[in-house]
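**Student:** Structure in structure tokens, see below.
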Amino acid sequence: MVQQQFPLPEMGDEFNPFFQSAFSVSAVIFGFQDKRIKVLLVKRSREPFINQFALPAGLVYPNVVIEDRINGIIQQATGTSHFYKKQIRAFADPTRHPMGRVISIGYYSFVNVNDCKLNSKDSIHTSSWCDLGMIPHLAFDHNEIVEAAHRRLLAKMSSQLAGLELLPDKFTLKMVQELYEASLGHELDKRNFRRKLLSQEILIETGEQQSPWEESGKAPLLYILDKPKYEQMKADGHQFLLF
């Protein structure tokens, strides 16, 4: 296959096609609520794709650092500065944006839903949580970005204790299992999952119990993650195989 040849850019050539692309960032913001994985969507208030749902996203202007831009977008969309984020990859199909070539750097983020303060209907964008399994047709190529983020989440969970940022700081073993089941899309054996989870020896009992507790029986214990030990084990290459 013969590659098409383009003229090399030269200094001072402001209109060279090499410099006529734009950059944006797009965020797949995951939450966990009612035993379901959620994705934060916004309804666009202007063209292109006016009134259509999309991911929180925005152009990156030439004088703005990409990391600063994505941090600002996530914080604006969620109303909190407490979040975890990780880059997915670049989405660079030349036709992904109807106004020209816009290369988007995709990220996924974990937030605790209870920490979020979503935009009201009086704001520029109306934002809302949507079940991961019920994402509508989104603007641009944002469905593809959601799918890539979900694949990355599953890959991370296959070897790490991923997604605890979606839970409260103090959590039960049941909450962790429900999080994994919601991500995987199927149930896990309770005894086997908890045995594997506790065998990692990275959870610390707080001595507290879940409250309020309205079910019959003893209220479950609350745990916290031993973050220094967990990070050291990851650095040592330990595999957290829970399913």
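Chains: A, B, ... in order of the structure tokens. Residues: from 1 per chain. Ligands: from 1, in order shown.
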Write out as a ChimeraX atom specification the residues lying within 6 Å of stretch 98-113 of chain A, counting only C-alpha atoms and excluding same-chain residues fewer than 3 positions away.
**Tutor:** /A:21-31,83-92,94,116,149,165-167
**Student:** Stretch 2-92 of chain A: which residues are strand (DSSP E) by DSSP, as a count of residues only?
**Tutor:** 33
**Student:** Check which residues of stretch 117-183 of chain A sit at most 9 Å from stretch 188-196 of chain A using only C-alpha atoms, and return one row each with the closest pair of atoms and their distance in Å to one decimal, ordered by chain and rising number, as CSV.
**Tutor:**
residue,atom,partner,partner_atom,distance
A:Leu173,CA,A:Arg194,CA,6.9
A:Lys174,CA,A:Lys190,CA,8.4
A:Gln177,CA,A:Phe193,CA,7.2
A:Glu178,CA,A:Leu188,CA,8.8
A:Tyr180,CA,A:Leu188,CA,8.3
A:Glu181,CA,A:Leu188,CA,6.5
**Student:** Taking C-alpha atoms for each residue, export the selection above as a tab-separated table (two decimals), in the first residue's frame.
**Tutor:**
chain	number	residue	atom	x	y	z
A	173	LEU	CA	-17.71	-6.85	52.03
A	174	LYS	CA	-21.15	-7.03	50.49
A	177	GLN	CA	-19.08	-7.84	45.89
A	178	GLU	CA	-22.06	-5.87	44.57
A	180	TYR	CA	-17.87	-6.32	41.10
A	181	GLU	CA	-21.12	-8.02	40.14
**Student:** Do a neighbour search on stretch 222-236 of chain A at 7 Å with only C-alpha atoms, toss out local chain neighbours closer than 6 positions, and write the hits as a ChimeraX atom specification.
**Tutor:** /A:169-172,202-206,208-210
**Student:** Give me the residues within 8 Å of A:Gly79 as a ChimeraX atom specification, counting only C-alpha atoms and dropping any in the same chain fewer than 5 places off.
**Tutor:** /A:115-119
**Student:** Could you pull out the helix (DSSP H, G or I) residues of stretch 97-142 of chain A, going by DSSP on the backbone, and write them as a PDB file with C-alpha atoms, in the first residue's frame?
**Tutor:**
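Okay, selection_15.pdb is ready:
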ATOM      1  CA  VAL A 113     -22.136   9.519  43.971  1.00  0.00           C
ATOM      2  CA  ASN A 114     -22.852  10.882  47.449  1.00  0.00           C
ATOM      3  CA  ASP A 115     -20.056  13.440  47.035  1.00  0.00           C
ATOM      4  CA  LEU A 132     -24.107   1.561  32.270  1.00  0.00           C
ATOM      5  CA  GLY A 133     -26.277  -1.063  30.579  1.00  0.00           C
ATOM      6  CA  MET A 134     -28.818   1.500  29.363  1.00  0.00           C
ATOM      7  CA  HIS A 142     -19.013   8.909  22.894  1.00  0.00           C
TER       8      HIS A 142
END
**Student:** Do you have the atom CA of A:Phe140-atom CA of A:Asp93 distance handy?
**Tutor:**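 Atom-to-atom, atom CA of A:Phe140 to atom CA of A:Asp93, that is 10.4 Å.
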**Student:** Would you list the contacts of A:Ile73 as number ranges by chain, taking every protein, DNA or RNA residue within 8 Å and counting only C-alpha atoms, but skipping same-chain residues closer than 6 positions in sequence?
**Tutor:** A: 27, 56-58
**Student:** Can I get the selected residues back with N, CA and C atoms, as an mmCIF file, in the first residue's frame?
**Tutor:**
data_model
loop_
_atom_site.group_PDB
_atom_site.id
_atom_site.type_symbol
_atom_site.label_atom_id
_atom_site.label_comp_id
_atom_site.auth_asym_id
_atom_site.auth_seq_id
_atom_site.Cartn_x
_atom_site.Cartn_y
_atom_site.Cartn_z
ATOM 1 N N ALA A 27 -14.704 12.613 29.292
ATOM 2 C CA ALA A 27 -14.627 11.902 30.565
ATOM 3 C C ALA A 27 -15.782 10.914 30.725
ATOM 4 N N PRO A 56 -19.337 14.371 29.513
ATOM 5 C CA PRO A 56 -18.697 15.646 29.830
ATOM 6 C C PRO A 56 -17.406 15.766 29.021
ATOM 7 N N ALA A 57 -17.281 16.816 28.258
ATOM 8 C CA ALA A 57 -16.142 16.952 27.351
ATOM 9 C C ALA A 57 -15.938 18.424 27.033
ATOM 10 N N GLY A 58 -14.796 18.727 26.424
ATOM 11 C CA GLY A 58 -14.540 20.102 26.034
ATOM 12 C C GLY A 58 -13.259 20.229 25.234
#
**Student:** Leaving out A:Phe53 and any residue of its chain fewer than 6 positions from it, which residues lie within 6 Å of it when counting only C-alpha atoms, given as a ChimeraX atom specification?
**Tutor:** /A:42-43,138
**Student:** Print the selection's residues with C-alpha atoms to a file, as a PDB file, in the first residue's frame.
**Tutor:**
ATOM      1  CA  VAL A  42     -24.858  15.734  30.045  1.00  0.00           C
ATOM      2  CA  LYS A  43     -27.468  17.039  27.630  1.00  0.00           C
ATOM      3  CA  LEU A 138     -24.655   9.601  22.445  1.00  0.00           C
TER       4      LEU A 138
END
**Student:** Mind pulling up the distance from atom CA of A:Trp129 to atom CA of A:Val64?
**Tutor:**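 Atom CA of A:Trp129 lies 28.4 Å from atom CA of A:Val64.
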**Student:** To one decimal in Å, tell me the separation between atom CA of A:Ser183 and atom CA of A:Phe240.
**Tutor:**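 According to the coordinates, atom CA of A:Ser183 and atom CA of A:Phe240 are separated by 16.2 Å.
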